[in-house]
file entry-v2.pdb (PDB, C-alpha atoms)
ATOM      1  CA  MET S   1       1.795  -8.092  -2.680  1.00  0.00           C
ATOM      2  CA  ARG S   2       0.229  -4.723  -1.924  1.00  0.00           C
ATOM      3  CA  ASN S   3       2.193  -1.711  -0.727  1.00  0.00           C
ATOM      4  CA  GLU S   4       0.898   1.318   1.118  1.00  0.00           C
ATOM      5  CA  TYR S   5       1.203   4.565  -0.786  1.00  0.00           C
ATOM      6  CA  SER S   6      -0.448   7.914  -0.732  1.00  0.00           C
ATOM      7  CA  SER S   7      -3.365   8.253  -3.096  1.00  0.00           C
ATOM      8  CA  SER S   8      -3.733  10.640  -5.994  1.00  0.00           C
ATOM      9  CA  LYS S   9      -2.630  14.226  -5.659  1.00  0.00           C
ATOM     10  CA  GLY S  10      -3.379  15.480  -9.121  1.00  0.00           C
ATOM     11  CA  THR S  11      -0.047  14.927 -10.818  1.00  0.00           C
ATOM     12  CA  ALA S  12       1.368  11.901 -12.620  1.00  0.00           C
ATOM     13  CA  LEU S  13       4.193  11.408 -10.172  1.00  0.00           C
ATOM     14  CA  VAL S  14       5.774   8.322 -11.724  1.00  0.00           C
ATOM     15  CA  LEU S  15       5.237   9.267 -15.378  1.00  0.00           C
ATOM     16  CA  VAL S  16       6.995  12.592 -14.934  1.00  0.00           C
ATOM     17  CA  VAL S  17      10.022  10.714 -13.602  1.00  0.00           C
ATOM     18  CA  LEU S  18       9.988   7.821 -16.067  1.00  0.00           C
ATOM     19  CA  GLY S  19       8.583   9.362 -19.228  1.00  0.00           C
ATOM     20  CA  SER S  20      11.893  10.262 -20.824  1.00  0.00           C
ATOM     21  CA  VAL S  21      13.403   6.941 -19.737  1.00  0.00           C
ATOM     22  CA  LEU S  22      10.651   5.009 -21.542  1.00  0.00           C
ATOM     23  CA  VAL S  23      10.899   7.182 -24.647  1.00  0.00           C
ATOM     24  CA  ASP S  24      14.635   6.537 -24.702  1.00  0.00           C
ATOM     25  CA  GLY S  25      13.794   2.803 -24.742  1.00  0.00           C
ATOM     26  CA  CYS S  26      13.914   1.805 -21.350  1.00  0.00           C
ATOM     27  CA  GLY S  27       7.975   5.657 -17.217  1.00  0.00           C
ATOM     28  CA  GLY S  28      -1.887   4.030   5.341  1.00  0.00           C
ATOM     29  CA  GLY S  29      -3.800   5.680   7.143  1.00  0.00           C
ATOM     30  CA  GLY S  30      -7.360   4.612   7.696  1.00  0.00           C
ATOM     31  CA  TYR S  31     -10.799   6.061   8.205  1.00  0.00           C
ATOM     32  CA  GLY S  32     -13.713   4.525  10.004  1.00  0.00           C
ATOM     33  CA  GLY S  33     -16.356   4.833   7.328  1.00  0.00           C
ATOM     34  CA  GLY S  34     -18.150   1.601   6.505  1.00  0.00           C
ATOM     35  CA  GLY S  35     -19.077  -0.002   3.194  1.00  0.00           C
ATOM     36  CA  GLY S  36     -21.759  -1.983   1.392  1.00  0.00           C
ATOM     37  CA  MET S  37     -21.856  -5.383  -0.273  1.00  0.00           C
ATOM     38  CA  MET S  38     -23.355  -6.730  -3.492  1.00  0.00           C
ATOM     39  CA  ASN S  39     -22.949 -10.300  -4.733  1.00  0.00           C
ATOM     40  CA  GLY S  40     -20.355 -10.758  -2.020  1.00  0.00           C
ATOM     41  CA  ASN S  41     -18.135  -7.881  -3.187  1.00  0.00           C
ATOM     42  CA  LEU S  42     -17.706  -4.490  -1.544  1.00  0.00           C
ATOM     43  CA  THR S  43     -19.677  -1.824  -3.404  1.00  0.00           C
ATOM     44  CA  TYR S  44     -18.844   1.378  -1.557  1.00  0.00           C
ATOM     45  CA  ALA S  45     -16.169   2.727   0.780  1.00  0.00           C
ATOM     46  CA  PRO S  46     -14.931   6.051   2.216  1.00  0.00           C
ATOM     47  CA  GLY S  47     -13.435   8.444  -0.312  1.00  0.00           C
ATOM     48  CA  ASP S  48     -12.283  11.937   0.630  1.00  0.00           C
ATOM     49  CA  ALA S  49     -11.704  11.282   4.349  1.00  0.00           C
ATOM     50  CA  ALA S  50      -9.660   8.153   3.620  1.00  0.00           C
ATOM     51  CA  VAL S  51      -7.479   9.984   1.115  1.00  0.00           C
ATOM     52  CA  ALA S  52      -7.025  12.894   3.530  1.00  0.00           C
ATOM     53  CA  ALA S  53      -5.761  10.546   6.243  1.00  0.00           C
ATOM     54  CA  PHE S  54      -3.529   8.860   3.688  1.00  0.00           C
ATOM     55  CA  LEU S  55      -1.910  12.083   2.534  1.00  0.00           C
ATOM     56  CA  GLN S  56      -0.925  13.061   6.052  1.00  0.00           C
ATOM     57  CA  ALA S  57       1.042   9.884   6.753  1.00  0.00           C
ATOM     58  CA  ASP S  58       4.480   8.640   5.683  1.00  0.00           C
ATOM     59  CA  HIS S  59       4.585   5.803   3.150  1.00  0.00           C
ATOM     60  CA  HIS S  60       7.052   3.466   1.491  1.00  0.00           C
ATOM     61  CA  LEU S  61       6.350   1.791  -1.835  1.00  0.00           C
ATOM     62  CA  MET S  62       8.455  -0.719  -3.763  1.00  0.00           C
ATOM     63  CA  LEU S  63       7.070  -2.339  -6.923  1.00  0.00           C
ATOM     64  CA  SER S  64       8.530  -4.334  -9.803  1.00  0.00           C
ATOM     65  CA  ALA S  65       7.876  -4.717 -13.523  1.00  0.00           C
ATOM     66  CA  MET S  66       9.300  -6.527 -16.551  1.00  0.00           C
ATOM     67  CA  ASP S  67       9.354  -5.330 -20.167  1.00  0.00           C
ATOM     68  CA  SER S  68       8.996  -7.388 -23.350  1.00  0.00           C
ATOM     69  CA  SER S  69      12.774  -7.900 -23.468  1.00  0.00           C
ATOM     70  CA  SER S  70      12.773  -9.416 -19.953  1.00  0.00           C
ATOM     71  CA  ASN S  71      14.455  -6.412 -18.389  1.00  0.00           C
ATOM     72  CA  ASN S  72      13.560  -6.120 -14.708  1.00  0.00           C
ATOM     73  CA  TYR S  73      12.550  -2.770 -13.219  1.00  0.00           C
ATOM     74  CA  THR S  74      12.169  -1.714  -9.604  1.00  0.00           C
ATOM     75  CA  LEU S  75      10.213   1.390  -8.648  1.00  0.00           C
ATOM     76  CA  GLN S  76      10.724   2.825  -5.163  1.00  0.00           C
ATOM     77  CA  ILE S  77       8.758   5.743  -3.745  1.00  0.00           C
ATOM     78  CA  ASP S  78       9.376   7.109  -0.257  1.00  0.00           C
ATOM     79  CA  GLN S  79       6.948   9.777   0.873  1.00  0.00           C
ATOM     80  CA  VAL S  80       7.168  11.986   3.949  1.00  0.00           C
ATOM     81  CA  ALA S  81       4.313  14.194   5.126  1.00  0.00           C
ATOM     82  CA  ASN S  82       5.639  17.662   5.944  1.00  0.00           C
ATOM     83  CA  ALA S  83       4.749  19.355   9.227  1.00  0.00           C
ATOM     84  CA  GLY S  84       2.684  22.517   9.327  1.00  0.00           C
ATOM     85  CA  THR S  85       1.050  24.436   6.505  1.00  0.00           C
ATOM     86  CA  THR S  86       2.130  26.975   3.922  1.00  0.00           C
ATOM     87  CA  THR S  87       0.741  28.604   0.779  1.00  0.00           C
ATOM     88  CA  PHE S  88       1.176  27.424  -2.796  1.00  0.00           C
ATOM     89  CA  ASN S  89       0.611  29.733  -5.746  1.00  0.00           C
ATOM     90  CA  GLY S  90      -1.058  32.117  -3.292  1.00  0.00           C
ATOM     91  CA  VAL S  91      -3.499  29.495  -1.949  1.00  0.00           C
ATOM     92  CA  GLY S  92      -3.580  28.166   1.613  1.00  0.00           C
ATOM     93  CA  PRO S  93      -3.461  26.755   4.152  1.00  0.00           C
ATOM     94  CA  ALA S  94      -1.640  24.208   1.999  1.00  0.00           C
ATOM     95  CA  TYR S  95      -0.480  20.863   3.333  1.00  0.00           C
ATOM     96  CA  SER S  96       2.397  19.098   1.615  1.00  0.00           C
ATOM     97  CA  ASP S  97       4.444  15.939   1.317  1.00  0.00           C
ATOM     98  CA  THR S  98       7.792  15.179  -0.272  1.00  0.00           C
ATOM     99  CA  ALA S  99       8.307  12.045  -2.368  1.00  0.00           C
ATOM    100  CA  THR S 100      11.592  10.532  -3.502  1.00  0.00           C
ATOM    101  CA  VAL S 101      11.086   8.396  -6.615  1.00  0.00           C
ATOM    102  CA  SER S 102      13.777   6.040  -7.925  1.00  0.00           C
ATOM    103  CA  LEU S 103      13.765   3.644 -10.881  1.00  0.00           C
ATOM    104  CA  SER S 104      16.268   0.826 -11.319  1.00  0.00           C
ATOM    105  CA  LYS S 105      16.688  -1.317 -14.438  1.00  0.00           C
ATOM    106  CA  ASN S 106      18.373  -4.681 -13.936  1.00  0.00           C
ATOM    107  CA  SER S 107      19.569  -3.417 -10.522  1.00  0.00           C
ATOM    108  CA  MET S 108      21.108  -0.253 -12.021  1.00  0.00           C
ATOM    109  CA  LEU S 109      19.663   3.147 -11.022  1.00  0.00           C
ATOM    110  CA  VAL S 110      18.419   4.904 -14.175  1.00  0.00           C
ATOM    111  CA  ALA S 111      16.255   7.742 -12.808  1.00  0.00           C
ATOM    112  CA  SER S 112      15.653   9.509  -9.521  1.00  0.00           C
ATOM    113  CA  THR S 113      13.896  12.671  -8.418  1.00  0.00           C
ATOM    114  CA  VAL S 114      12.463  14.452  -5.377  1.00  0.00           C
ATOM    115  CA  ASP S 115       9.147  16.324  -5.601  1.00  0.00           C
ATOM    116  CA  THR S 116       6.947  18.200  -3.144  1.00  0.00           C
ATOM    117  CA  SER S 117       3.176  18.084  -3.673  1.00  0.00           C
ATOM    118  CA  TYR S 118       0.738  20.615  -2.184  1.00  0.00           C
ATOM    119  CA  TYR S 119      -2.971  20.195  -1.411  1.00  0.00           C
ATOM    120  CA  LEU S 120      -5.892  21.535   0.603  1.00  0.00           C
ATOM    121  CA  LEU S 121      -7.983  19.531   3.060  1.00  0.00           C
ATOM    122  CA  SER S 122     -11.727  19.386   3.807  1.00  0.00           C
ATOM    123  CA  PRO S 123     -12.149  18.449   1.027  1.00  0.00           C
ATOM    124  CA  VAL S 124      -8.887  17.236  -0.488  1.00  0.00           C
ATOM    125  CA  MET S 125      -7.997  19.531  -3.401  1.00  0.00           C
ATOM    126  CA  PRO S 126      -4.631  19.144  -5.165  1.00  0.00           C
ATOM    127  CA  LEU S 127      -2.789  22.405  -5.821  1.00  0.00           C
ATOM    128  CA  GLY S 128       0.393  21.376  -7.624  1.00  0.00           C
ATOM    129  CA  LYS S 129       3.845  19.908  -7.398  1.00  0.00           C
ATOM    130  CA  VAL S 130       7.422  21.206  -7.575  1.00  0.00           C
ATOM    131  CA  ASN S 131      10.598  19.292  -8.319  1.00  0.00           C
ATOM    132  CA  ASN S 132      13.432  19.979  -5.884  1.00  0.00           C
ATOM    133  CA  SER S 133      15.446  21.419  -8.795  1.00  0.00           C
ATOM    134  CA  GLY S 134      12.589  23.829  -9.534  1.00  0.00           C
ATOM    135  CA  THR S 135      11.889  22.139 -12.882  1.00  0.00           C
ATOM    136  CA  PRO S 136       9.205  21.179 -13.793  1.00  0.00           C
ATOM    137  CA  TYR S 137       6.683  23.271 -11.884  1.00  0.00           C
ATOM    138  CA  ALA S 138       3.121  21.895 -11.937  1.00  0.00           C
ATOM    139  CA  ILE S 139      -0.043  23.912 -11.265  1.00  0.00           C
ATOM    140  CA  VAL S 140      -3.481  22.339 -10.883  1.00  0.00           C
ATOM    141  CA  THR S 141      -5.745  24.604 -12.930  1.00  0.00           C
ATOM    142  CA  SER S 142      -9.007  22.868 -11.992  1.00  0.00           C
ATOM    143  CA  SER S 143     -10.073  19.897  -9.893  1.00  0.00           C
ATOM    144  CA  THR S 144     -13.139  17.975  -8.773  1.00  0.00           C
ATOM    145  CA  PRO S 145     -13.395  16.942  -5.102  1.00  0.00           C
ATOM    146  CA  ILE S 146     -12.898  13.257  -4.377  1.00  0.00           C
ATOM    147  CA  PRO S 147     -16.355  11.795  -3.588  1.00  0.00           C
ATOM    148  CA  MET S 148     -17.128  11.464   0.103  1.00  0.00           C
ATOM    149  CA  THR S 149     -18.085   7.874  -0.721  1.00  0.00           C
ATOM    150  CA  LEU S 150     -16.518   5.790  -3.483  1.00  0.00           C
ATOM    151  CA  THR S 151     -19.170   3.648  -5.190  1.00  0.00           C
ATOM    152  CA  VAL S 152     -18.581   0.826  -7.653  1.00  0.00           C
ATOM    153  CA  GLY S 153     -19.486   2.061 -11.127  1.00  0.00           C
ATOM    154  CA  GLY S 154     -18.527   5.631 -10.294  1.00  0.00           C
ATOM    155  CA  SER S 155     -16.270   7.663 -12.557  1.00  0.00           C
ATOM    156  CA  GLY S 156     -15.481  11.258 -13.392  1.00  0.00           C
ATOM    157  CA  SER S 157     -12.906  13.968 -13.762  1.00  0.00           C
ATOM    158  CA  PHE S 158     -10.171  14.413 -11.195  1.00  0.00           C
ATOM    159  CA  ASP S 159      -8.084  17.402 -12.250  1.00  0.00           C
ATOM    160  CA  ASN S 160      -6.315  19.357 -14.975  1.00  0.00           C
ATOM    161  CA  VAL S 161      -2.655  20.258 -14.585  1.00  0.00           C
ATOM    162  CA  THR S 162      -0.303  22.581 -16.454  1.00  0.00           C
ATOM    163  CA  TYR S 163       3.441  21.924 -16.256  1.00  0.00           C
ATOM    164  CA  TYR S 164       5.824  24.833 -16.624  1.00  0.00           C
ATOM    165  CA  HIS S 165       9.592  25.007 -16.877  1.00  0.00           C
ATOM    166  CA  ASP S 166       9.803  26.858 -13.555  1.00  0.00           C
ATOM    167  CA  SER S 167       7.903  29.008 -11.071  1.00  0.00           C
ATOM    168  CA  THR S 168       7.871  32.037 -13.408  1.00  0.00           C
ATOM    169  CA  MET S 169       5.283  30.065 -15.420  1.00  0.00           C
ATOM    170  CA  ALA S 170       6.596  31.737 -18.577  1.00  0.00           C
ATOM    171  CA  VAL S 171       7.497  28.580 -20.514  1.00  0.00           C
ATOM    172  CA  LEU S 172       5.093  25.672 -20.967  1.00  0.00           C
ATOM    173  CA  ASP S 173       6.288  22.067 -20.509  1.00  0.00           C
ATOM    174  CA  ALA S 174       3.106  19.981 -20.921  1.00  0.00           C
ATOM    175  CA  ASN S 175      -0.534  19.495 -19.931  1.00  0.00           C
ATOM    176  CA  GLU S 176      -2.233  16.738 -17.949  1.00  0.00           C
ATOM    177  CA  VAL S 177      -5.835  15.566 -17.605  1.00  0.00           C
ATOM    178  CA  SER S 178      -6.788  13.037 -14.914  1.00  0.00           C
ATOM    179  CA  THR S 179      -9.935  10.958 -14.437  1.00  0.00           C
ATOM    180  CA  TYR S 180     -10.998   8.269 -11.958  1.00  0.00           C
ATOM    181  CA  THR S 181     -13.005   5.042 -11.994  1.00  0.00           C
ATOM    182  CA  VAL S 182     -14.307   2.796  -9.218  1.00  0.00           C
ATOM    183  CA  THR S 183     -14.771  -0.919  -9.959  1.00  0.00           C
ATOM    184  CA  SER S 184     -15.468  -4.126  -8.052  1.00  0.00           C
ATOM    185  CA  LEU S 185     -12.496  -6.012  -6.608  1.00  0.00           C
ATOM    186  CA  ASP S 186     -13.436  -8.477  -3.846  1.00  0.00           C
ATOM    187  CA  SER S 187     -15.381  -8.856  -0.613  1.00  0.00           C
ATOM    188  CA  MET S 188     -12.907  -6.730   1.332  1.00  0.00           C
ATOM    189  CA  SER S 189     -12.066  -3.926  -1.102  1.00  0.00           C
ATOM    190  CA  LEU S 190     -13.117  -1.972  -4.151  1.00  0.00           C
ATOM    191  CA  LEU S 191     -10.724  -0.726  -6.822  1.00  0.00           C
ATOM    192  CA  TYR S 192     -10.123   3.043  -7.153  1.00  0.00           C
ATOM    193  CA  CYS S 193      -8.039   3.974 -10.213  1.00  0.00           C
ATOM    194  CA  VAL S 194      -6.819   7.390 -11.315  1.00  0.00           C
ATOM    195  CA  GLN S 195      -5.571   7.771 -14.883  1.00  0.00           C
ATOM    196  CA  ALA S 196      -3.412  10.756 -15.797  1.00  0.00           C
ATOM    197  CA  VAL S 197      -2.721  11.573 -19.456  1.00  0.00           C
ATOM    198  CA  ILE S 198       0.151  13.925 -20.239  1.00  0.00           C
ATOM    199  CA  SER S 199       0.065  15.532 -23.684  1.00  0.00           C
ATOM    200  CA  GLY S 200       1.353  18.489 -25.625  1.00  0.00           C
ATOM    201  CA  THR S 201       4.878  18.107 -24.303  1.00  0.00           C
ATOM    202  CA  THR S 202       6.922  20.982 -25.684  1.00  0.00           C
ATOM    203  CA  VAL S 203      10.565  21.116 -26.735  1.00  0.00           C
ATOM    204  CA  GLN S 204      11.303  22.647 -23.341  1.00  0.00           C
ATOM    205  CA  GLY S 205       9.274  19.910 -21.647  1.00  0.00           C
ATOM    206  CA  ILE S 206      11.327  17.228 -23.380  1.00  0.00           C
ATOM    207  CA  ALA S 207      14.501  19.012 -22.262  1.00  0.00           C
ATOM    208  CA  ASP S 208      13.067  18.998 -18.734  1.00  0.00           C
ATOM    209  CA  GLY S 209      12.669  15.207 -18.902  1.00  0.00           C
ATOM    210  CA  MET S 210       8.952  15.034 -19.688  1.00  0.00           C
ATOM    211  CA  ALA S 211       7.142  13.033 -22.399  1.00  0.00           C
ATOM    212  CA  ASP S 212       3.599  12.400 -23.582  1.00  0.00           C
ATOM    213  CA  GLY S 213       2.156   9.316 -21.930  1.00  0.00           C
ATOM    214  CA  THR S 214      -0.313   7.775 -19.513  1.00  0.00           C
ATOM    215  CA  GLU S 215      -0.073   6.728 -15.876  1.00  0.00           C
ATOM    216  CA  THR S 216      -2.766   4.705 -14.121  1.00  0.00           C
ATOM    217  CA  ASP S 217      -2.553   4.227 -10.351  1.00  0.00           C
ATOM    218  CA  CYS S 218      -4.966   1.680  -8.859  1.00  0.00           C
ATOM    219  CA  TYR S 219      -5.729   1.266  -5.167  1.00  0.00           C
ATOM    220  CA  ALA S 220      -7.714  -1.268  -3.177  1.00  0.00           C
ATOM    221  CA  VAL S 221      -9.884   0.627  -0.666  1.00  0.00           C
ATOM    222  CA  THR S 222     -11.547  -1.190   2.231  1.00  0.00           C
ATOM    223  CA  SER S 223     -14.770  -0.311   4.033  1.00  0.00           C
ATOM    224  CA  ALA S 224     -12.579   1.067   6.849  1.00  0.00           C
ATOM    225  CA  GLY S 225     -10.880   3.455   4.427  1.00  0.00           C
ATOM    226  CA  MET S 226      -7.548   1.652   4.255  1.00  0.00           C
ATOM    227  CA  ALA S 227      -6.017   2.076   0.788  1.00  0.00           C
ATOM    228  CA  THR S 228      -3.205  -0.042  -0.628  1.00  0.00           C
ATOM    229  CA  VAL S 229      -1.725   0.234  -4.077  1.00  0.00           C
ATOM    230  CA  VAL S 230      -2.497  -2.631  -6.443  1.00  0.00           C
ATOM    231  CA  SER S 231      -0.601  -1.417  -9.493  1.00  0.00           C
ATOM    232  CA  VAL S 232       1.069   1.522 -11.237  1.00  0.00           C
ATOM    233  CA  SER S 233       0.982   1.361 -15.025  1.00  0.00           C
ATOM    234  CA  VAL S 234       3.111   3.772 -17.069  1.00  0.00           C
ATOM    235  CA  SER S 235       3.075   4.088 -20.869  1.00  0.00           C
ATOM    236  CA  ALA S 236       5.237   6.406 -22.992  1.00  0.00           C
ATOM    237  CA  GLY S 237       7.021   6.166 -26.312  1.00  0.00           C
ATOM    238  CA  GLY S 238       5.279   2.904 -27.194  1.00  0.00           C
ATOM    239  CA  VAL S 239       6.577   1.211 -24.048  1.00  0.00           C
ATOM    240  CA  THR S 240       4.354   0.107 -21.161  1.00  0.00           C
ATOM    241  CA  LEU S 241       5.476  -0.991 -17.707  1.00  0.00           C
ATOM    242  CA  MET S 242       3.048  -2.485 -15.189  1.00  0.00           C
ATOM    243  CA  PHE S 243       4.440  -2.181 -11.679  1.00  0.00           C
ATOM    244  CA  LYS S 244       2.964  -4.436  -9.006  1.00  0.00           C
TER     245      LYS S 244
END
call {"tool": "encode", "arguments": {"input": "entry-v2.pdb", "output": "structure tokens"}}
result
Amino acid sequence: MRNEYSSSKGTALVLVVLGSVLVDGCGGGGYGGGGGMMNGNLTYAPGDAAVAAFLQADHHLMLSAMDSSSNNYTLQIDQVANAGTTTFNGVGPAYSDTATVSLSKNSMLVASTVDTSYYLLSPVMPLGKVNNSGTPYAIVTSSTPIPMTLTVGGSGSFDNVTYYHDSTMAVLDANEVSTYTVTSLDSMSLLYCVQAVISGTTVQGIADGMADGTETDCYAVTSAGMATVVSVSVSAGGVTLMFK
């Protein structure tokens, strides 16, 4: 089962919510673009324009996972695109969306948070993300534009992010480096995956609920630019959860 969800915005949304939980033991829009075929499988599809349309729509995502002890997890993400534009860290016009992320373990809520992500359009460029409590406060320090066309075999850097305790940016929480890959999936879609690695989590970062780890979000993208999430994999503290 595939669920619609907004594509990458430069921050490991799920890992930031679930990282400390894992360490404690438990982390659609469309675009008319066109695509090519090879050996019956789609080989290229719209990139930046599809993601841009995605980011400006509301989405609901519910996925499940099971750990090695047969505990059942449910991940729910509800995202709302905010109206109008603003500035973020002095940069604009910035578009934004607000995502509510909740994790349940064996039907019991164990983590929940609300974050607002900011980005530019034409091309899509992530700017950062802020938790509704003000902590943590994420700034994208560098980013590479999403390719106009995603091509099977493609890969590269996505962005670098610095997490701070709050908007004063005086106390470091952690760092993140993200990369992407594009691989073959089937005749209708290709697979676009973004892997975010969080490292260097400080004592303050741990107190703010962060942890070193990896999140990989994979999306099926059609020749028409419709993206649907295939999986969200989160690893931290020696524990890995694969949400599908």
call {"tool": "residues_near_point", "arguments": {"input": "entry-v2.pdb", "point": "(3.1, 19.7, -14.9)", "cutoff": "12 Å", "atoms": "only C-alpha atoms", "output": "PyMOL selection string"}}
result
chain S and resi 10-13+15-17+115+117+127-131+134-141+159-167+169+171-178+196-202+205+208-212
call {"tool": "closest_residue", "arguments": {"input": "entry-v2.pdb", "among": "S:Leu190, S:Ala81, S:Ala170, S:Val221", "to": "Val51 in chain S", "atoms": "all atoms listed in the file"}}
result
S:Val221
call {"tool": "residues_around", "arguments": {"input": "entry-v2.pdb", "residues": "Asp48 in chain S", "least_positions_apart": "2", "cutoff": "9 Å", "atoms": "all atoms listed in the file", "output": "VMD selection string"}}
result
chain S and resid 46 50 to 53 122 to 124 145 to 150
call {"tool": "atom_distance", "arguments": {"input": "entry-v2.pdb", "atom1": "CA of Gly156 in chain S", "atom2": "CA of Ile77 in chain S"}}
result
26.7 Å
call {"tool": "residues_around", "arguments": {"input": "entry-v2.pdb", "residues": "Asp67 in chain S", "least_positions_apart": "2", "cutoff": "12 Å", "atoms": "only C-alpha atoms", "output": "PyMOL selection string"}}
result
chain S and resi 22+25-27+64-65+69-74+105-106+233-235+238-243
call {"tool": "resolve_selection", "arguments": {"input": "entry-v2.pdb", "expression": "the PyMOL selection byres ((chain S and resi 62) around 12)", "output": "JSON, numbers by chain"}}
result
{"S": [1, 2, 3, 4, 5, 59, 60, 61, 63, 64, 65, 73, 74, 75, 76, 77, 78, 79, 100, 101, 102, 103, 104, 229, 230, 231, 232, 243, 244]}
call {"tool": "atom_distance", "arguments": {"input": "entry-v2.pdb", "atom1": "CA of Asn41 in chain S", "atom2": "CA of Thr151 in chain S"}}
result
11.7 Å
call {"tool": "atom_distance", "arguments": {"input": "entry-v2.pdb", "atom1": "CA of Ser157 in chain S", "atom2": "CA of Gly40 in chain S"}}
result
28.4 Å
call {"tool": "residues_around", "arguments": {"input": "entry-v2.pdb", "residues": "Tyr44 in chain S", "least_positions_apart": "3", "cutoff": "12 Å", "atoms": "all atoms listed in the file", "output": "PyMOL selection string"}}
result
chain S and resi 33-38+41+47+147-154+182-192+220-225
call {"tool": "axis_aligned_box", "arguments": {"input": "entry-v2.pdb", "around": "range 79-96 of chain S", "padding_each_side": "6 Å", "output": "lines of an AutoDock Vina configuration file"}}
result
center_x = 1.8
center_y = 20.9
center_z = 1.8
size_x = 22.7
size_y = 34.3
size_z = 27.1
call {"tool": "residues_around", "arguments": {"input": "entry-v2.pdb", "residues": "Val91 in chain S", "least_positions_apart": "2", "cutoff": "10 Å", "atoms": "all atoms listed in the file", "output": "ChimeraX atom specification"}}
result
/S:86-89,93-94,118-120,127
call {"tool": "write_last_selection", "arguments": {"input": "entry-v2.pdb", "atoms": "C-alpha atoms", "output": "PDB file, keeping the file's coordinate frame"}}
result
ATOM      1  CA  THR S  86       2.130  26.975   3.922  1.00  0.00           C
ATOM      2  CA  THR S  87       0.741  28.604   0.779  1.00  0.00           C
ATOM      3  CA  PHE S  88       1.176  27.424  -2.796  1.00  0.00           C
ATOM      4  CA  ASN S  89       0.611  29.733  -5.746  1.00  0.00           C
ATOM      5  CA  PRO S  93      -3.461  26.755   4.152  1.00  0.00           C
ATOM      6  CA  ALA S  94      -1.640  24.208   1.999  1.00  0.00           C
ATOM      7  CA  TYR S 118       0.738  20.615  -2.184  1.00  0.00           C
ATOM      8  CA  TYR S 119      -2.971  20.195  -1.411  1.00  0.00           C
ATOM      9  CA  LEU S 120      -5.892  21.535   0.603  1.00  0.00           C
ATOM     10  CA  LEU S 127      -2.789  22.405  -5.821  1.00  0.00           C
TER      11      LEU S 127
END
